[in-house]
Amino acid sequence: MNSPNGNAASSPGTSRALRLLIVDDSNIMRRRIERSQQFEDLQVVGAAANGVEALELFRRHDPDLVTMDLTMPQMDGIECIEKLVQLKPAVRILVISALADKATAVDAMEKGANGLLNKPFTDRQLNEALAELMRGSG
């Protein structure tokens with residue numbers, strides 16, 4: 001079963017694209033993450049503005065990877081991470097946050113996040129962080 005786009009890029013033997021959910025209360029940031037990611041085998045299945053929306057989209061699309069902001073209205077990233085991991089323990093979560101607070105980052109990791117990227121970031125930093133997350137899934 002050869003895929004028409006020649007999936008030699010990152011993970012050989014993977015028959016389907018990994019699904020990515022983007023969670024950030026900033027529409028600009030959600031669009032930037034979606035535009036900046038450069039992986040053929042990573043498909044954006046949803047973008048949520050808060051944790052409540054994220055849970056709804058997560059249940060609907062069953063993503064493999066999630067980028068997660070921490071500071072959001074209605075449900076923050078820490079609480080959302082906890083709930084996503086309860087729903088799907090194998091989910092891989094990359095926290096993307098402007099918070100320089102180490103305690104919050106540690107808290108996110110303890111709740112189940114797999115990586116951390118500080119805002120502002122370059123496209124290269126984003127893609128390196130996503131590549132690391134993708135290697136860990138599957």
# chains A, B, ... in the order shown; residues from 1 in each chain; ligands from 1

call {"tool": "residues_around", "arguments": {"residues": "Leu94 (chain A)", "least_positions_apart": "3", "cutoff": "7 Å", "atoms": "only C-alpha atoms", "output": "PyMOL selection string"}}
result
chain A and resi 66-68+113-116

call {"tool": "write_last_selection", "arguments": {"atoms": "N, CA, C and O atoms", "output": "CSV table (one decimal), in the first residue's frame"}}
result
chain,number,residue,atom,x,y,z
A,66,VAL,N,-1.9,16.9,20.6
A,66,VAL,CA,-2.6,18.1,21.0
A,66,VAL,C,-1.6,19.2,21.3
A,66,VAL,O,-0.7,18.9,22.0
A,67,THR,N,-1.8,20.4,20.7
A,67,THR,CA,-1.0,21.5,21.2
A,67,THR,C,-1.9,22.3,22.2
A,67,THR,O,-3.1,22.5,21.9
A,68,MET,N,-1.4,22.6,23.4
A,68,MET,CA,-2.3,23.1,24.4
A,68,MET,C,-1.7,24.4,25.0
A,68,MET,O,-0.6,24.4,25.6
A,113,ALA,N,1.2,16.1,30.2
A,113,ALA,CA,1.8,16.8,29.0
A,113,ALA,C,3.1,16.1,28.7
A,113,ALA,O,3.8,15.6,29.6
A,114,ASN,N,3.5,16.1,27.4
A,114,ASN,CA,4.7,15.4,27.0
A,114,ASN,C,5.9,16.4,26.6
A,114,ASN,O,7.0,16.0,26.4
A,115,GLY,N,5.5,17.6,26.4
A,115,GLY,CA,6.5,18.6,26.0
A,115,GLY,C,6.1,20.0,26.2
A,115,GLY,O,4.9,20.3,26.5
A,116,LEU,N,7.0,20.9,26.1
A,116,LEU,CA,6.7,22.3,26.4
A,116,LEU,C,7.4,23.2,25.4
A,116,LEU,O,8.6,23.0,25.1

call {"tool": "residues_around", "arguments": {"residues": "Asn118 (chain A)", "least_positions_apart": "3", "cutoff": "7 Å", "atoms": "only C-alpha atoms", "output": "ChimeraX atom specification"}}
result
/A:96-98,121

call {"tool": "atom_distance", "arguments": {"atom1": "CA of Gln125 (chain A)", "atom2": "CA of Ser36 (chain A)"}}
result
10.2 Å

call {"tool": "residues_around", "arguments": {"residues": "Asp64 (chain A)", "least_positions_apart": "2", "cutoff": "8 Å", "atoms": "only C-alpha atoms", "output": "PDB file with C-alpha atoms, in the first residue's frame"}}
result
ATOM      1  CA  LEU A  18      -1.563  11.445  12.851  1.00  0.00           C
ATOM      2  CA  ARG A  19      -4.405  13.721  13.910  1.00  0.00           C
ATOM      3  CA  LEU A  20      -3.616  17.056  15.599  1.00  0.00           C
ATOM      4  CA  ASP A  62      -9.962  11.376  18.544  1.00  0.00           C
ATOM      5  CA  VAL A  66      -2.647  18.092  20.953  1.00  0.00           C
ATOM      6  CA  ALA A  90      -1.856   7.540  24.898  1.00  0.00           C
ATOM      7  CA  VAL A  91      -2.520  11.096  23.692  1.00  0.00           C
ATOM      8  CA  ARG A  92       0.628  13.202  23.234  1.00  0.00           C
ATOM      9  CA  SER A 137       3.296   8.504  19.533  1.00  0.00           C
TER      10      SER A 137
END

call {"tool": "atom_distance", "arguments": {"atom1": "CA of Pro89 (chain A)", "atom2": "CA of Phe58 (chain A)"}}
result
12.7 Å

call {"tool": "select_by_dssp", "arguments": {"residues": "chain A", "states": "strand (DSSP E or B)", "output": "list in words"}}
result
Leu18, Arg19, Leu20, Leu21, Ile22, Val23, Leu42, Gln43, Val44, Val45, Gly46, Ala47, Ala48, Leu65, Val66, Thr67, Met68, Arg92, Ile93, Leu94, Val95, Ile96, Ser97, Gly115, Leu116, Leu117 and Asn118 of chain A

call {"tool": "closest_residue", "arguments": {"among": "A:Glu34, A:Gly112, A:Asp24, A:Ile93", "to": "Asp76 (chain A)", "atoms": "only C-alpha atoms"}}
result
A:Asp24

call {"tool": "closest_residue", "arguments": {"among": "A:Gln86, A:Asn27, A:Gln43, A:Gln38", "to": "Met72 (chain A)", "atoms": "only C-alpha atoms"}}
result
A:Asn27

call {"tool": "atom_distance", "arguments": {"atom1": "CA of Pro120 (chain A)", "atom2": "CA of Leu21 (chain A)"}}
result
19.6 Å

call {"tool": "closest_residue", "arguments": {"among": "A:Ala131, A:Val23, A:Leu55, A:Leu42", "to": "Val95 (chain A)", "atoms": "only C-alpha atoms"}}
result
A:Val23

call {"tool": "residues_around", "arguments": {"residues": "Gly51 (chain A)", "least_positions_apart": "5", "cutoff": "10 Å", "atoms": "only C-alpha atoms", "output": "PDB file with all heavy atoms, in the first residue's frame"}}
result
ATOM      1  N   VAL A  23      -5.206  23.789  20.534  1.00  0.00           N
ATOM      2  CA  VAL A  23      -6.011  24.439  21.574  1.00  0.00           C
ATOM      3  C   VAL A  23      -5.302  25.712  22.038  1.00  0.00           C
ATOM      4  O   VAL A  23      -4.214  25.637  22.611  1.00  0.00           O
ATOM      5  CB  VAL A  23      -6.240  23.494  22.784  1.00  0.00           C
ATOM      6  CG1 VAL A  23      -7.185  24.140  23.783  1.00  0.00           C
ATOM      7  CG2 VAL A  23      -6.764  22.135  22.333  1.00  0.00           C
ATOM      8  N   ASP A  24      -5.912  26.867  21.739  1.00  0.00           N
ATOM      9  CA  ASP A  24      -5.352  28.154  22.153  1.00  0.00           C
ATOM     10  C   ASP A  24      -6.460  29.180  22.089  1.00  0.00           C
ATOM     11  O   ASP A  24      -7.256  29.159  21.150  1.00  0.00           O
ATOM     12  CB  ASP A  24      -4.196  28.562  21.216  1.00  0.00           C
ATOM     13  CG  ASP A  24      -3.317  29.636  21.825  1.00  0.00           C
ATOM     14  OD1 ASP A  24      -3.831  30.749  22.104  1.00  0.00           O
ATOM     15  OD2 ASP A  24      -2.121  29.377  22.035  1.00  0.00           O
ATOM     16  N   ASP A  25      -6.542  30.079  23.069  1.00  0.00           N
ATOM     17  CA  ASP A  25      -7.623  31.069  23.041  1.00  0.00           C
ATOM     18  C   ASP A  25      -7.372  32.170  22.019  1.00  0.00           C
ATOM     19  O   ASP A  25      -8.257  32.957  21.727  1.00  0.00           O
ATOM     20  CB  ASP A  25      -7.903  31.649  24.439  1.00  0.00           C
ATOM     21  CG  ASP A  25      -6.706  32.362  25.035  1.00  0.00           C
ATOM     22  OD1 ASP A  25      -5.569  32.107  24.608  1.00  0.00           O
ATOM     23  OD2 ASP A  25      -6.905  33.172  25.955  1.00  0.00           O
ATOM     24  N   GLU A  56     -14.800  18.707  23.591  1.00  0.00           N
ATOM     25  CA  GLU A  56     -15.833  18.371  22.616  1.00  0.00           C
ATOM     26  C   GLU A  56     -15.204  17.895  21.302  1.00  0.00           C
ATOM     27  O   GLU A  56     -15.580  16.859  20.749  1.00  0.00           O
ATOM     28  CB  GLU A  56     -16.697  19.615  22.377  1.00  0.00           C
ATOM     29  CG  GLU A  56     -17.946  19.363  21.573  1.00  0.00           C
ATOM     30  CD  GLU A  56     -18.728  20.660  21.391  1.00  0.00           C
ATOM     31  OE1 GLU A  56     -19.061  21.317  22.401  1.00  0.00           O
ATOM     32  OE2 GLU A  56     -18.976  21.014  20.223  1.00  0.00           O
ATOM     33  N   LEU A  57     -14.226  18.643  20.796  1.00  0.00           N
ATOM     34  CA  LEU A  57     -13.543  18.275  19.549  1.00  0.00           C
ATOM     35  C   LEU A  57     -12.741  16.993  19.721  1.00  0.00           C
ATOM     36  O   LEU A  57     -12.641  16.176  18.809  1.00  0.00           O
ATOM     37  CB  LEU A  57     -12.633  19.419  19.086  1.00  0.00           C
ATOM     38  CG  LEU A  57     -13.349  20.654  18.541  1.00  0.00           C
ATOM     39  CD1 LEU A  57     -12.360  21.791  18.332  1.00  0.00           C
ATOM     40  CD2 LEU A  57     -14.079  20.334  17.248  1.00  0.00           C
ATOM     41  N   MET A  68      -1.434  22.609  23.350  1.00  0.00           N
ATOM     42  CA  MET A  68      -2.284  23.108  24.431  1.00  0.00           C
ATOM     43  C   MET A  68      -1.739  24.401  25.030  1.00  0.00           C
ATOM     44  O   MET A  68      -0.619  24.423  25.556  1.00  0.00           O
ATOM     45  CB  MET A  68      -2.356  22.044  25.537  1.00  0.00           C
ATOM     46  CG  MET A  68      -3.193  22.432  26.738  1.00  0.00           C
ATOM     47  SD  MET A  68      -4.956  22.523  26.415  1.00  0.00           S
ATOM     48  CE  MET A  68      -5.339  20.830  26.010  1.00  0.00           C
ATOM     49  N   ASP A  69      -2.540  25.459  24.942  1.00  0.00           N
ATOM     50  CA  ASP A  69      -2.243  26.686  25.671  1.00  0.00           C
ATOM     51  C   ASP A  69      -2.640  26.444  27.128  1.00  0.00           C
ATOM     52  O   ASP A  69      -3.484  25.596  27.406  1.00  0.00           O
ATOM     53  CB  ASP A  69      -3.055  27.836  25.071  1.00  0.00           C
ATOM     54  CG  ASP A  69      -2.690  29.200  25.633  1.00  0.00           C
ATOM     55  OD1 ASP A  69      -1.625  29.328  26.258  1.00  0.00           O
ATOM     56  OD2 ASP A  69      -3.483  30.137  25.438  1.00  0.00           O
ATOM     57  N   LEU A  70      -2.069  27.161  28.071  1.00  0.00           N
ATOM     58  CA  LEU A  70      -2.420  26.955  29.479  1.00  0.00           C
ATOM     59  C   LEU A  70      -3.423  27.985  29.989  1.00  0.00           C
ATOM     60  O   LEU A  70      -4.293  27.660  30.780  1.00  0.00           O
ATOM     61  CB  LEU A  70      -1.162  26.961  30.356  1.00  0.00           C
ATOM     62  CG  LEU A  70      -0.212  25.780  30.152  1.00  0.00           C
ATOM     63  CD1 LEU A  70       0.980  25.902  31.089  1.00  0.00           C
ATOM     64  CD2 LEU A  70      -0.909  24.447  30.323  1.00  0.00           C
ATOM     65  N   THR A  71      -3.296  29.234  29.540  1.00  0.00           N
ATOM     66  CA  THR A  71      -4.152  30.291  30.057  1.00  0.00           C
ATOM     67  C   THR A  71      -5.306  30.536  29.095  1.00  0.00           C
ATOM     68  O   THR A  71      -5.113  31.136  28.039  1.00  0.00           O
ATOM     69  CB  THR A  71      -3.340  31.595  30.239  1.00  0.00           C
ATOM     70  OG1 THR A  71      -2.116  31.271  30.892  1.00  0.00           O
ATOM     71  CG2 THR A  71      -4.102  32.597  31.065  1.00  0.00           C
ATOM     72  N   MET A  72      -6.493  30.005  29.440  1.00  0.00           N
ATOM     73  CA  MET A  72      -7.671  30.140  28.579  1.00  0.00           C
ATOM     74  C   MET A  72      -8.916  30.324  29.445  1.00  0.00           C
ATOM     75  O   MET A  72      -8.940  29.892  30.589  1.00  0.00           O
ATOM     76  CB  MET A  72      -7.864  28.873  27.729  1.00  0.00           C
ATOM     77  CG  MET A  72      -6.721  28.563  26.782  1.00  0.00           C
ATOM     78  SD  MET A  72      -7.015  27.050  25.853  1.00  0.00           S
ATOM     79  CE  MET A  72      -6.944  25.799  27.143  1.00  0.00           C
ATOM     80  N   PRO A  73      -9.956  30.925  28.872  1.00  0.00           N
ATOM     81  CA  PRO A  73     -11.218  31.071  29.615  1.00  0.00           C
ATOM     82  C   PRO A  73     -11.961  29.739  29.722  1.00  0.00           C
ATOM     83  O   PRO A  73     -11.656  28.802  28.990  1.00  0.00           O
ATOM     84  CB  PRO A  73     -12.004  32.067  28.761  1.00  0.00           C
ATOM     85  CG  PRO A  73     -11.447  31.917  27.381  1.00  0.00           C
ATOM     86  CD  PRO A  73      -9.997  31.547  27.563  1.00  0.00           C
ATOM     87  N   GLN A  74     -12.912  29.654  30.598  1.00  0.00           N
ATOM     88  CA  GLN A  74     -13.810  28.516  30.826  1.00  0.00           C
ATOM     89  C   GLN A  74     -13.123  27.290  31.426  1.00  0.00           C
ATOM     90  O   GLN A  74     -13.582  26.763  32.410  1.00  0.00           O
ATOM     91  CB  GLN A  74     -14.572  28.117  29.558  1.00  0.00           C
ATOM     92  CG  GLN A  74     -15.602  29.145  29.162  1.00  0.00           C
ATOM     93  CD  GLN A  74     -16.399  28.719  27.956  1.00  0.00           C
ATOM     94  OE1 GLN A  74     -15.894  28.747  26.852  1.00  0.00           O
ATOM     95  NE2 GLN A  74     -17.628  28.333  28.168  1.00  0.00           N
ATOM     96  N   MET A  75     -12.064  26.798  30.793  1.00  0.00           N
ATOM     97  CA  MET A  75     -11.291  25.685  31.367  1.00  0.00           C
ATOM     98  C   MET A  75      -9.845  25.878  30.939  1.00  0.00           C
ATOM     99  O   MET A  75      -9.554  25.956  29.750  1.00  0.00           O
ATOM    100  CB  MET A  75     -11.805  24.337  30.846  1.00  0.00           C
ATOM    101  CG  MET A  75     -11.037  23.158  31.432  1.00  0.00           C
ATOM    102  SD  MET A  75     -11.399  21.583  30.601  1.00  0.00           S
ATOM    103  CE  MET A  75     -13.140  21.386  30.936  1.00  0.00           C
ATOM    104  N   ASP A  76      -8.940  25.981  31.895  1.00  0.00           N
ATOM    105  CA  ASP A  76      -7.539  26.222  31.535  1.00  0.00           C
ATOM    106  C   ASP A  76      -6.861  24.953  31.023  1.00  0.00           C
ATOM    107  O   ASP A  76      -7.426  23.865  31.055  1.00  0.00           O
ATOM    108  CB  ASP A  76      -6.770  26.862  32.695  1.00  0.00           C
ATOM    109  CG  ASP A  76      -6.561  25.912  33.868  1.00  0.00           C
ATOM    110  OD1 ASP A  76      -6.709  24.683  33.717  1.00  0.00           O
ATOM    111  OD2 ASP A  76      -6.243  26.406  34.962  1.00  0.00           O
ATOM    112  N   GLY A  77      -5.648  25.130  30.536  1.00  0.00           N
ATOM    113  CA  GLY A  77      -4.915  24.027  29.932  1.00  0.00           C
ATOM    114  C   GLY A  77      -4.584  22.900  30.891  1.00  0.00           C
ATOM    115  O   GLY A  77      -4.622  21.732  30.514  1.00  0.00           O
ATOM    116  N   ILE A  78      -4.270  23.218  32.128  1.00  0.00           N
ATOM    117  CA  ILE A  78      -3.921  22.187  33.115  1.00  0.00           C
ATOM    118  C   ILE A  78      -5.103  21.239  33.328  1.00  0.00           C
ATOM    119  O   ILE A  78      -4.963  20.014  33.256  1.00  0.00           O
ATOM    120  CB  ILE A  78      -3.509  22.822  34.474  1.00  0.00           C
ATOM    121  CG1 ILE A  78      -2.281  23.730  34.304  1.00  0.00           C
ATOM    122  CG2 ILE A  78      -3.270  21.742  35.517  1.00  0.00           C
ATOM    123  CD1 ILE A  78      -0.955  23.051  34.143  1.00  0.00           C
ATOM    124  N   GLU A  79      -6.287  21.799  33.562  1.00  0.00           N
ATOM    125  CA  GLU A  79      -7.477  20.980  33.776  1.00  0.00           C
ATOM    126  C   GLU A  79      -7.817  20.180  32.506  1.00  0.00           C
ATOM    127  O   GLU A  79      -8.186  19.012  32.570  1.00  0.00           O
ATOM    128  CB  GLU A  79      -8.659  21.876  34.162  1.00  0.00           C
ATOM    129  CG  GLU A  79      -9.916  21.087  34.531  1.00  0.00           C
ATOM    130  CD  GLU A  79     -11.098  21.979  34.902  1.00  0.00           C
ATOM    131  OE1 GLU A  79     -10.893  23.194  35.144  1.00  0.00           O
ATOM    132  OE2 GLU A  79     -12.219  21.453  34.946  1.00  0.00           O
ATOM    133  N   CYS A  80      -7.660  20.824  31.366  1.00  0.00           N
ATOM    134  CA  CYS A  80      -7.966  20.166  30.098  1.00  0.00           C
ATOM    135  C   CYS A  80      -7.008  18.985  29.841  1.00  0.00           C
ATOM    136  O   CYS A  80      -7.437  17.913  29.412  1.00  0.00           O
ATOM    137  CB  CYS A  80      -7.898  21.177  28.958  1.00  0.00           C
ATOM    138  SG  CYS A  80      -8.522  20.525  27.400  1.00  0.00           S
ATOM    139  N   ILE A  81      -5.725  19.182  30.122  1.00  0.00           N
ATOM    140  CA  ILE A  81      -4.742  18.097  29.954  1.00  0.00           C
ATOM    141  C   ILE A  81      -5.175  16.885  30.770  1.00  0.00           C
ATOM    142  O   ILE A  81      -5.191  15.759  30.282  1.00  0.00           O
ATOM    143  CB  ILE A  81      -3.320  18.569  30.382  1.00  0.00           C
ATOM    144  CG1 ILE A  81      -2.760  19.559  29.362  1.00  0.00           C
ATOM    145  CG2 ILE A  81      -2.380  17.375  30.557  1.00  0.00           C
ATOM    146  CD1 ILE A  81      -1.517  20.289  29.837  1.00  0.00           C
ATOM    147  N   LYS A  83      -8.126  16.009  31.800  1.00  0.00           N
ATOM    148  CA  LYS A  83      -9.320  15.371  31.244  1.00  0.00           C
ATOM    149  C   LYS A  83      -9.009  14.609  29.944  1.00  0.00           C
ATOM    150  O   LYS A  83      -9.530  13.516  29.719  1.00  0.00           O
ATOM    151  CB  LYS A  83     -10.420  16.407  31.018  1.00  0.00           C
ATOM    152  CG  LYS A  83     -10.993  16.932  32.324  1.00  0.00           C
ATOM    153  CD  LYS A  83     -12.117  17.911  32.077  1.00  0.00           C
ATOM    154  CE  LYS A  83     -12.679  18.543  33.322  1.00  0.00           C
ATOM    155  NZ  LYS A  83     -13.085  17.683  34.383  1.00  0.00           N
ATOM    156  N   LEU A  84      -8.142  15.174  29.104  1.00  0.00           N
ATOM    157  CA  LEU A  84      -7.788  14.502  27.847  1.00  0.00           C
ATOM    158  C   LEU A  84      -7.053  13.201  28.118  1.00  0.00           C
ATOM    159  O   LEU A  84      -7.307  12.175  27.472  1.00  0.00           O
ATOM    160  CB  LEU A  84      -6.925  15.412  26.965  1.00  0.00           C
ATOM    161  CG  LEU A  84      -7.575  16.687  26.428  1.00  0.00           C
ATOM    162  CD1 LEU A  84      -6.607  17.434  25.521  1.00  0.00           C
ATOM    163  CD2 LEU A  84      -8.880  16.415  25.719  1.00  0.00           C
TER     164      LEU A  84
END

call {"tool": "select_by_dssp", "arguments": {"residues": "region 41-111 of chain A", "states": "alpha helix (DSSP H)", "output": "PyMOL selection string"}}
result
chain A and resi 51-61+77-87+102-111

call {"tool": "closest_residue", "arguments": {"among": "A:Ile28, A:Ala17, A:Ala47, A:Val52", "to": "Met134 (chain A)", "atoms": "only C-alpha atoms"}}
result
A:Ala17

call {"tool": "closest_residue", "arguments": {"among": "A:Val85, A:Gly46, A:Leu133, A:Asn127", "to": "Glu110 (chain A)", "atoms": "only C-alpha atoms"}}
result
A:Val85

call {"tool": "closest_residue", "arguments": {"among": "A:Arg32, A:Ile22, A:Glu82, A:Asp101", "to": "Ala54 (chain A)", "atoms": "only C-alpha atoms"}}
result
A:Ile22

call {"tool": "decode", "arguments": {"residues": "region 76-98 of chain A", "atoms": "N, CA, C and O atoms", "output": "PDB file, in the first residue's frame"}}
result
ATOM      1  N   ASP A  76      -8.940  25.981  31.895  1.00  0.00           N
ATOM      2  CA  ASP A  76      -7.539  26.222  31.535  1.00  0.00           C
ATOM      3  C   ASP A  76      -6.861  24.953  31.023  1.00  0.00           C
ATOM      4  O   ASP A  76      -7.426  23.865  31.055  1.00  0.00           O
ATOM      5  N   GLY A  77      -5.648  25.130  30.536  1.00  0.00           N
ATOM      6  CA  GLY A  77      -4.915  24.027  29.932  1.00  0.00           C
ATOM      7  C   GLY A  77      -4.584  22.900  30.891  1.00  0.00           C
ATOM      8  O   GLY A  77      -4.622  21.732  30.514  1.00  0.00           O
ATOM      9  N   ILE A  78      -4.270  23.218  32.128  1.00  0.00           N
ATOM     10  CA  ILE A  78      -3.921  22.187  33.115  1.00  0.00           C
ATOM     11  C   ILE A  78      -5.103  21.239  33.328  1.00  0.00           C
ATOM     12  O   ILE A  78      -4.963  20.014  33.256  1.00  0.00           O
ATOM     13  N   GLU A  79      -6.287  21.799  33.562  1.00  0.00           N
ATOM     14  CA  GLU A  79      -7.477  20.980  33.776  1.00  0.00           C
ATOM     15  C   GLU A  79      -7.817  20.180  32.506  1.00  0.00           C
ATOM     16  O   GLU A  79      -8.186  19.012  32.570  1.00  0.00           O
ATOM     17  N   CYS A  80      -7.660  20.824  31.366  1.00  0.00           N
ATOM     18  CA  CYS A  80      -7.966  20.166  30.098  1.00  0.00           C
ATOM     19  C   CYS A  80      -7.008  18.985  29.841  1.00  0.00           C
ATOM     20  O   CYS A  80      -7.437  17.913  29.412  1.00  0.00           O
ATOM     21  N   ILE A  81      -5.725  19.182  30.122  1.00  0.00           N
ATOM     22  CA  ILE A  81      -4.742  18.097  29.954  1.00  0.00           C
ATOM     23  C   ILE A  81      -5.175  16.885  30.770  1.00  0.00           C
ATOM     24  O   ILE A  81      -5.191  15.759  30.282  1.00  0.00           O
ATOM     25  N   GLU A  82      -5.538  17.152  32.015  1.00  0.00           N
ATOM     26  CA  GLU A  82      -5.959  16.083  32.916  1.00  0.00           C
ATOM     27  C   GLU A  82      -7.136  15.294  32.327  1.00  0.00           C
ATOM     28  O   GLU A  82      -7.143  14.068  32.300  1.00  0.00           O
ATOM     29  N   LYS A  83      -8.126  16.009  31.800  1.00  0.00           N
ATOM     30  CA  LYS A  83      -9.320  15.371  31.244  1.00  0.00           C
ATOM     31  C   LYS A  83      -9.009  14.609  29.944  1.00  0.00           C
ATOM     32  O   LYS A  83      -9.530  13.516  29.719  1.00  0.00           O
ATOM     33  N   LEU A  84      -8.142  15.174  29.104  1.00  0.00           N
ATOM     34  CA  LEU A  84      -7.788  14.502  27.847  1.00  0.00           C
ATOM     35  C   LEU A  84      -7.053  13.201  28.118  1.00  0.00           C
ATOM     36  O   LEU A  84      -7.307  12.175  27.472  1.00  0.00           O
ATOM     37  N   VAL A  85      -6.150  13.227  29.080  1.00  0.00           N
ATOM     38  CA  VAL A  85      -5.388  12.023  29.429  1.00  0.00           C
ATOM     39  C   VAL A  85      -6.316  10.947  30.015  1.00  0.00           C
ATOM     40  O   VAL A  85      -6.126   9.758  29.761  1.00  0.00           O
ATOM     41  N   GLN A  86      -7.330  11.368  30.764  1.00  0.00           N
ATOM     42  CA  GLN A  86      -8.317  10.398  31.277  1.00  0.00           C
ATOM     43  C   GLN A  86      -9.073   9.747  30.123  1.00  0.00           C
ATOM     44  O   GLN A  86      -9.330   8.542  30.142  1.00  0.00           O
ATOM     45  N   LEU A  87      -9.411  10.536  29.099  1.00  0.00           N
ATOM     46  CA  LEU A  87     -10.140  10.012  27.949  1.00  0.00           C
ATOM     47  C   LEU A  87      -9.275   9.095  27.091  1.00  0.00           C
ATOM     48  O   LEU A  87      -9.749   8.100  26.553  1.00  0.00           O
ATOM     49  N   LYS A  88      -8.002   9.471  26.924  1.00  0.00           N
ATOM     50  CA  LYS A  88      -7.101   8.719  26.042  1.00  0.00           C
ATOM     51  C   LYS A  88      -5.675   8.810  26.599  1.00  0.00           C
ATOM     52  O   LYS A  88      -4.931   9.727  26.271  1.00  0.00           O
ATOM     53  N   PRO A  89      -5.294   7.851  27.435  1.00  0.00           N
ATOM     54  CA  PRO A  89      -3.968   7.915  28.081  1.00  0.00           C
ATOM     55  C   PRO A  89      -2.797   8.014  27.094  1.00  0.00           C
ATOM     56  O   PRO A  89      -1.761   8.564  27.427  1.00  0.00           O
ATOM     57  N   ALA A  90      -2.962   7.535  25.862  1.00  0.00           N
ATOM     58  CA  ALA A  90      -1.856   7.540  24.898  1.00  0.00           C
ATOM     59  C   ALA A  90      -1.701   8.870  24.165  1.00  0.00           C
ATOM     60  O   ALA A  90      -0.759   9.035  23.395  1.00  0.00           O
ATOM     61  N   VAL A  91      -2.616   9.823  24.402  1.00  0.00           N
ATOM     62  CA  VAL A  91      -2.520  11.096  23.692  1.00  0.00           C
ATOM     63  C   VAL A  91      -1.199  11.784  24.030  1.00  0.00           C
ATOM     64  O   VAL A  91      -0.684  11.671  25.140  1.00  0.00           O
ATOM     65  N   ARG A  92      -0.630  12.469  23.027  1.00  0.00           N
ATOM     66  CA  ARG A  92       0.628  13.202  23.234  1.00  0.00           C
ATOM     67  C   ARG A  92       0.300  14.693  23.221  1.00  0.00           C
ATOM     68  O   ARG A  92      -0.317  15.170  22.277  1.00  0.00           O
ATOM     69  N   ILE A  93       0.705  15.413  24.263  1.00  0.00           N
ATOM     70  CA  ILE A  93       0.325  16.818  24.414  1.00  0.00           C
ATOM     71  C   ILE A  93       1.559  17.712  24.494  1.00  0.00           C
ATOM     72  O   ILE A  93       2.450  17.483  25.303  1.00  0.00           O
ATOM     73  N   LEU A  94       1.582  18.729  23.622  1.00  0.00           N
ATOM     74  CA  LEU A  94       2.635  19.734  23.634  1.00  0.00           C
ATOM     75  C   LEU A  94       2.045  21.023  24.193  1.00  0.00           C
ATOM     76  O   LEU A  94       1.128  21.598  23.605  1.00  0.00           O
ATOM     77  N   VAL A  95       2.538  21.452  25.338  1.00  0.00           N
ATOM     78  CA  VAL A  95       2.094  22.714  25.930  1.00  0.00           C
ATOM     79  C   VAL A  95       2.816  23.847  25.214  1.00  0.00           C
ATOM     80  O   VAL A  95       4.039  23.837  25.092  1.00  0.00           O
ATOM     81  N   ILE A  96       2.025  24.802  24.691  1.00  0.00           N
ATOM     82  CA  ILE A  96       2.595  25.986  24.055  1.00  0.00           C
ATOM     83  C   ILE A  96       2.076  27.175  24.841  1.00  0.00           C
ATOM     84  O   ILE A  96       0.892  27.487  24.788  1.00  0.00           O
ATOM     85  N   SER A  97       2.968  27.814  25.598  1.00  0.00           N
ATOM     86  CA  SER A  97       2.507  28.843  26.526  1.00  0.00           C
ATOM     87  C   SER A  97       3.524  29.955  26.700  1.00  0.00           C
ATOM     88  O   SER A  97       4.721  29.736  26.585  1.00  0.00           O
ATOM     89  N   ALA A  98       3.016  31.143  27.005  1.00  0.00           N
ATOM     90  CA  ALA A  98       3.887  32.283  27.299  1.00  0.00           C
ATOM     91  C   ALA A  98       4.278  32.306  28.774  1.00  0.00           C
ATOM     92  O   ALA A  98       5.080  33.114  29.194  1.00  0.00           O
TER      93      ALA A  98
END
